[in-house]
Amino acid sequence: MDSLDPAHVESLQQFVTITSWPENDIEGAIQMLSVCQWNVELAITRFYDEGPLRPNPHEPARTPTPPPVVAPRIASPTPRTLAPRPSSFLASIITSVVFFPLSVVSKVAHSAYYLFTMLFPFLPRLTGVYPANLGAARSERRSVNPRDTAARFIRDFEEEVGSSGESRLSFFEGGYTQALDLAKKELRFLVVLLQSDEHDDTTKFNKEVLCAPEVVQYFQEHQILVWAGNVRESEAYQVSNALSCTKYPFLAIIAYTPATASHPSAMSIHARLQGFMSPPALIANLNTVITRHGPVLDRIRNERNEQQQAREIRAQQDSAYEASLAADRERERARAERERAEQERIAEQERVEREKLEAEQRIAQYKLWRASQLKQTMLEFTDQQPSTTEKVARISIRLPSGDRVVTRFLAESQTVEDIYAFVDCYDILHPKPSSSAASTSARSLASSGSSTSLSSMATSTAAATNSKPENYTHRYKFNLVSPMPRFLVPVDADKLIKDEKSLFPNGNLIVEEEVEEEEESVGA
């Protein structure tokens, strides 16, 4: 336990506290954490699922499966933090004097090594250190946008091999981290290609291998994602250090590895290919990796497709459920609208019927009042005989049924409107229980087509009141016409009968009903 670093000691204490691991068996806890790559959560899950590790003496010891090599990610460049200057002038002078010789020696050493590599090209191959790597931070090409760097590499590659389009590999136009994310998202194999201008096999490898038709076809058939870079660029230089690249050209085959009991999921390096190789050798190495790990990606891809289909089915079900709810709400709204419209129609019908009933009651009240006045003034209903000086008009009225009624009016005291009132109130002045033709014609004139219930309504209204309705103007729904010559006698409450030549001393009138409302209803 003394050989553990502080991070492992903290993980061990956390694991022992949560699992209540016995203190006399700390080595077992260390073994459990070691198998789980010191992942506390994974170790706790395995402990509760499988219990503590105990070797079986009857079985040979099994060598644990080594975890996959995780493909490193390149952190985004951060601004450099300058060291604070000494506060005193004397301290700054001392610092300059001390570090100036070191700076001069460093520059001279770099220049000398660069000169030796120019004179002896085999020297970098022996040491594994190239001038471009040493000077990458001070390269003429500073760190730029990864997309611009990728576009520059593609342009230089096309100029070098003299081909473009489908005759060469299709490189990913973006950064290394973006290529990792895309390969993980689409479950594709990623080939990281690193090159160095100082290496003699770079041009040959590009022309003879990367542009070989069989290689291009193999990459296209298996949809392999290719990210390439030159180590003279900042990003490619960092990737080469992270991937422990020692020889160029360098290819790393990276693919997604699912989580297991011993390690979490990650983008893992499945093969490293260094140095020049022929197209068949490259295809054989790629085929070995794809054959070994391709089924795993296919299984994960199928699982993702099933999950996506399940999500789409759930989305469709949710959409159908929402559509059903919307349809139910629409039907409920339409039903409520119909009920409201029906209630409004019933209320309107009741209002019309109520107004119609009130109008009929006012008409009946008016006729009762008018009939009572006629009974007091007409000779037909009084026992008095007219004097020799009084002028009496004898008028014959032919009803619509063809029956003729002859009556007398006081020509000097009664008006033309009294004749209209007599015809309008005939059913009240001459009530007849039998259904004679004269009674039927009188009722049709009185109510303009209303039923015999008007008489009973009038009687009941008369029992309640015998006065003229307030704010009511009566309208007669018929006309009185003198036949020869034909002359319409208008309703006039101020014109005496004696002043109308067609009525005094004798008159002959025909009742003609108005048909305007009937014509309008037929036209509608």
# chains A, B, ... in the order shown; residues from 1 in each chain; ligands from 1
>>> residues_around(residues="region 198-210 of chain A", least_positions_apart="5", cutoff="8 Å", atoms="only C-alpha atoms", output="PyMOL selection string")
chain A and resi 130+132+157+160-161+168-169+215-216+248-249+275-279
>>> closest_atom_pairs(of="region 284-389 of chain A", to="region 258-263 of chain A", cutoff="10 Å", atoms="only C-alpha atoms", output="JSON lines")
{"residue": "A:Val296", "atom": "CA", "partner": "A:Pro258", "partner_atom": "CA", "distance": 8.3}
{"residue": "A:Leu297", "atom": "CA", "partner": "A:Pro258", "partner_atom": "CA", "distance": 8.8}
{"residue": "A:Ile300", "atom": "CA", "partner": "A:Pro258", "partner_atom": "CA", "distance": 8.2}
>>> closest_residue(among="A:Ser372, A:Ser401, A:Asn39, A:Ser170", to="Cys211 (chain A)", atoms="only C-alpha atoms")
A:Ser170
>>> residues_around(residues="Trp369 (chain A)", least_positions_apart="3", cutoff="6 Å", atoms="only C-alpha atoms", output="compact mmCIF listing (two decimals) with all heavy atoms, in the first residue's frame")
# COMPACT_ATOMS: atom_id res chain seq x y z
N TYR A 366 -106.56 44.59 -28.89
CA TYR A 366 -107.01 45.73 -29.70
C TYR A 366 -108.36 45.45 -30.34
O TYR A 366 -109.24 46.32 -30.36
CB TYR A 366 -105.97 46.06 -30.76
CG TYR A 366 -106.41 47.14 -31.71
CD1 TYR A 366 -106.32 48.50 -31.37
CD2 TYR A 366 -106.97 46.81 -32.96
CE1 TYR A 366 -106.75 49.49 -32.24
CE2 TYR A 366 -107.40 47.79 -33.83
CZ TYR A 366 -107.28 49.13 -33.47
OH TYR A 366 -107.71 50.11 -34.35
N SER A 372 -115.77 46.55 -28.95
CA SER A 372 -116.64 47.18 -27.94
C SER A 372 -117.05 48.57 -28.35
O SER A 372 -118.19 49.01 -28.10
CB SER A 372 -115.93 47.20 -26.59
OG SER A 372 -114.76 48.04 -26.66
N ASN A 466 -110.11 45.43 -21.10
CA ASN A 466 -110.92 45.84 -22.26
C ASN A 466 -110.51 47.24 -22.68
O ASN A 466 -111.35 48.06 -23.05
CB ASN A 466 -112.41 45.79 -21.93
CG ASN A 466 -113.28 45.86 -23.17
OD1 ASN A 466 -112.82 45.57 -24.29
ND2 ASN A 466 -114.54 46.24 -23.01
N SER A 467 -109.21 47.46 -22.61
CA SER A 467 -108.68 48.78 -22.96
C SER A 467 -107.74 48.65 -24.15
O SER A 467 -107.28 47.56 -24.48
CB SER A 467 -107.93 49.39 -21.77
OG SER A 467 -106.86 48.55 -21.39
N LYS A 468 -107.47 49.76 -24.79
CA LYS A 468 -106.58 49.77 -25.95
C LYS A 468 -105.13 49.53 -25.50
O LYS A 468 -104.67 50.12 -24.53
CB LYS A 468 -106.70 51.11 -26.67
CG LYS A 468 -105.81 51.21 -27.91
CD LYS A 468 -105.96 52.56 -28.58
CE LYS A 468 -105.07 52.66 -29.81
NZ LYS A 468 -105.18 53.98 -30.47
>>> residues_around(residues="Ala359 (chain A)", least_positions_apart="4", cutoff="12 Å", atoms="only C-alpha atoms", output="list of chain:residue names")
A:Arg351, A:Val352, A:Glu353, A:Arg354, A:Glu355, A:Ile363, A:Ala364, A:Gln365, A:Tyr366, A:Ser447, A:Leu454, A:Met457, A:Pro469, A:Tyr472, A:Thr473, A:His474, A:Arg475
>>> closest_residue(among="A:Gly162, A:Pro213, A:Pro490, A:Pro146", to="Ile419 (chain A)", atoms="only C-alpha atoms")
A:Pro490
>>> residues_around(residues="Leu180 (chain A)", least_positions_apart="6", cutoff="12 Å", atoms="only C-alpha atoms", output="ChimeraX atom specification")
/A:70-74,172,174,186-192,225-227,253-256,266-269
>>> atom_distance(atom1="CA of Val16 (chain A)", atom2="CA of Ala29 (chain A)")
7.2 Å
>>> atom_distance(atom1="CA of Val491 (chain A)", atom2="CA of Lys356 (chain A)")
24.7 Å
>>> residues_around(residues="Ser482 (chain A)", least_positions_apart="5", cutoff="10 Å", atoms="only C-alpha atoms", output="VMD selection string")
chain A and resid 397 487 to 489 502 to 503 507 to 511
>>> write_last_selection(atoms="N, CA, C and O atoms", output="PDB file, in the first residue's frame")
ATOM      1  N   ILE A 397    -120.824  44.282 -48.190  1.00  0.00           N
ATOM      2  CA  ILE A 397    -119.409  43.836 -48.164  1.00  0.00           C
ATOM      3  C   ILE A 397    -119.368  42.371 -48.559  1.00  0.00           C
ATOM      4  O   ILE A 397    -120.038  41.536 -47.942  1.00  0.00           O
ATOM      5  N   PHE A 487    -111.988  50.946 -57.437  1.00  0.00           N
ATOM      6  CA  PHE A 487    -111.406  52.031 -56.667  1.00  0.00           C
ATOM      7  C   PHE A 487    -111.047  51.485 -55.292  1.00  0.00           C
ATOM      8  O   PHE A 487    -111.880  50.874 -54.610  1.00  0.00           O
ATOM      9  N   LEU A 488    -109.797  51.684 -54.902  1.00  0.00           N
ATOM     10  CA  LEU A 488    -109.325  51.246 -53.594  1.00  0.00           C
ATOM     11  C   LEU A 488    -109.668  52.296 -52.562  1.00  0.00           C
ATOM     12  O   LEU A 488    -109.271  53.473 -52.683  1.00  0.00           O
ATOM     13  N   VAL A 489    -110.443  51.888 -51.594  1.00  0.00           N
ATOM     14  CA  VAL A 489    -110.838  52.787 -50.516  1.00  0.00           C
ATOM     15  C   VAL A 489    -109.761  52.706 -49.443  1.00  0.00           C
ATOM     16  O   VAL A 489    -109.633  51.678 -48.760  1.00  0.00           O
ATOM     17  N   SER A 502    -118.271  56.852 -53.020  1.00  0.00           N
ATOM     18  CA  SER A 502    -118.499  55.443 -53.340  1.00  0.00           C
ATOM     19  C   SER A 502    -119.146  54.686 -52.196  1.00  0.00           C
ATOM     20  O   SER A 502    -119.541  53.537 -52.373  1.00  0.00           O
ATOM     21  N   LEU A 503    -119.289  55.333 -51.023  1.00  0.00           N
ATOM     22  CA  LEU A 503    -119.859  54.663 -49.867  1.00  0.00           C
ATOM     23  C   LEU A 503    -121.189  55.256 -49.413  1.00  0.00           C
ATOM     24  O   LEU A 503    -121.932  54.599 -48.663  1.00  0.00           O
ATOM     25  N   GLY A 507    -123.077  51.688 -50.686  1.00  0.00           N
ATOM     26  CA  GLY A 507    -121.737  51.293 -51.119  1.00  0.00           C
ATOM     27  C   GLY A 507    -121.631  49.786 -51.300  1.00  0.00           C
ATOM     28  O   GLY A 507    -122.323  49.034 -50.627  1.00  0.00           O
ATOM     29  N   ASN A 508    -120.754  49.431 -52.227  1.00  0.00           N
ATOM     30  CA  ASN A 508    -120.520  48.016 -52.501  1.00  0.00           C
ATOM     31  C   ASN A 508    -119.011  47.791 -52.446  1.00  0.00           C
ATOM     32  O   ASN A 508    -118.262  48.349 -53.265  1.00  0.00           O
ATOM     33  N   LEU A 509    -118.570  46.978 -51.497  1.00  0.00           N
ATOM     34  CA  LEU A 509    -117.134  46.774 -51.272  1.00  0.00           C
ATOM     35  C   LEU A 509    -116.777  45.297 -51.372  1.00  0.00           C
ATOM     36  O   LEU A 509    -117.584  44.420 -51.037  1.00  0.00           O
ATOM     37  N   ILE A 510    -115.556  45.071 -51.838  1.00  0.00           N
ATOM     38  CA  ILE A 510    -115.003  43.715 -51.921  1.00  0.00           C
ATOM     39  C   ILE A 510    -113.733  43.680 -51.052  1.00  0.00           C
ATOM     40  O   ILE A 510    -112.886  44.583 -51.117  1.00  0.00           O
ATOM     41  N   VAL A 511    -113.598  42.623 -50.262  1.00  0.00           N
ATOM     42  CA  VAL A 511    -112.433  42.474 -49.383  1.00  0.00           C
ATOM     43  C   VAL A 511    -111.344  41.708 -50.150  1.00  0.00           C
ATOM     44  O   VAL A 511    -111.575  40.596 -50.637  1.00  0.00           O
TER      45      VAL A 511
END
>>> select_by_dssp(residues="region 231-395 of chain A", states="helix (DSSP H, G or I)", output="PyMOL selection string")
chain A and resi 234-242+279-377
>>> atom_distance(atom1="CA of Glu214 (chain A)", atom2="CA of Ile283 (chain A)")
8.4 Å
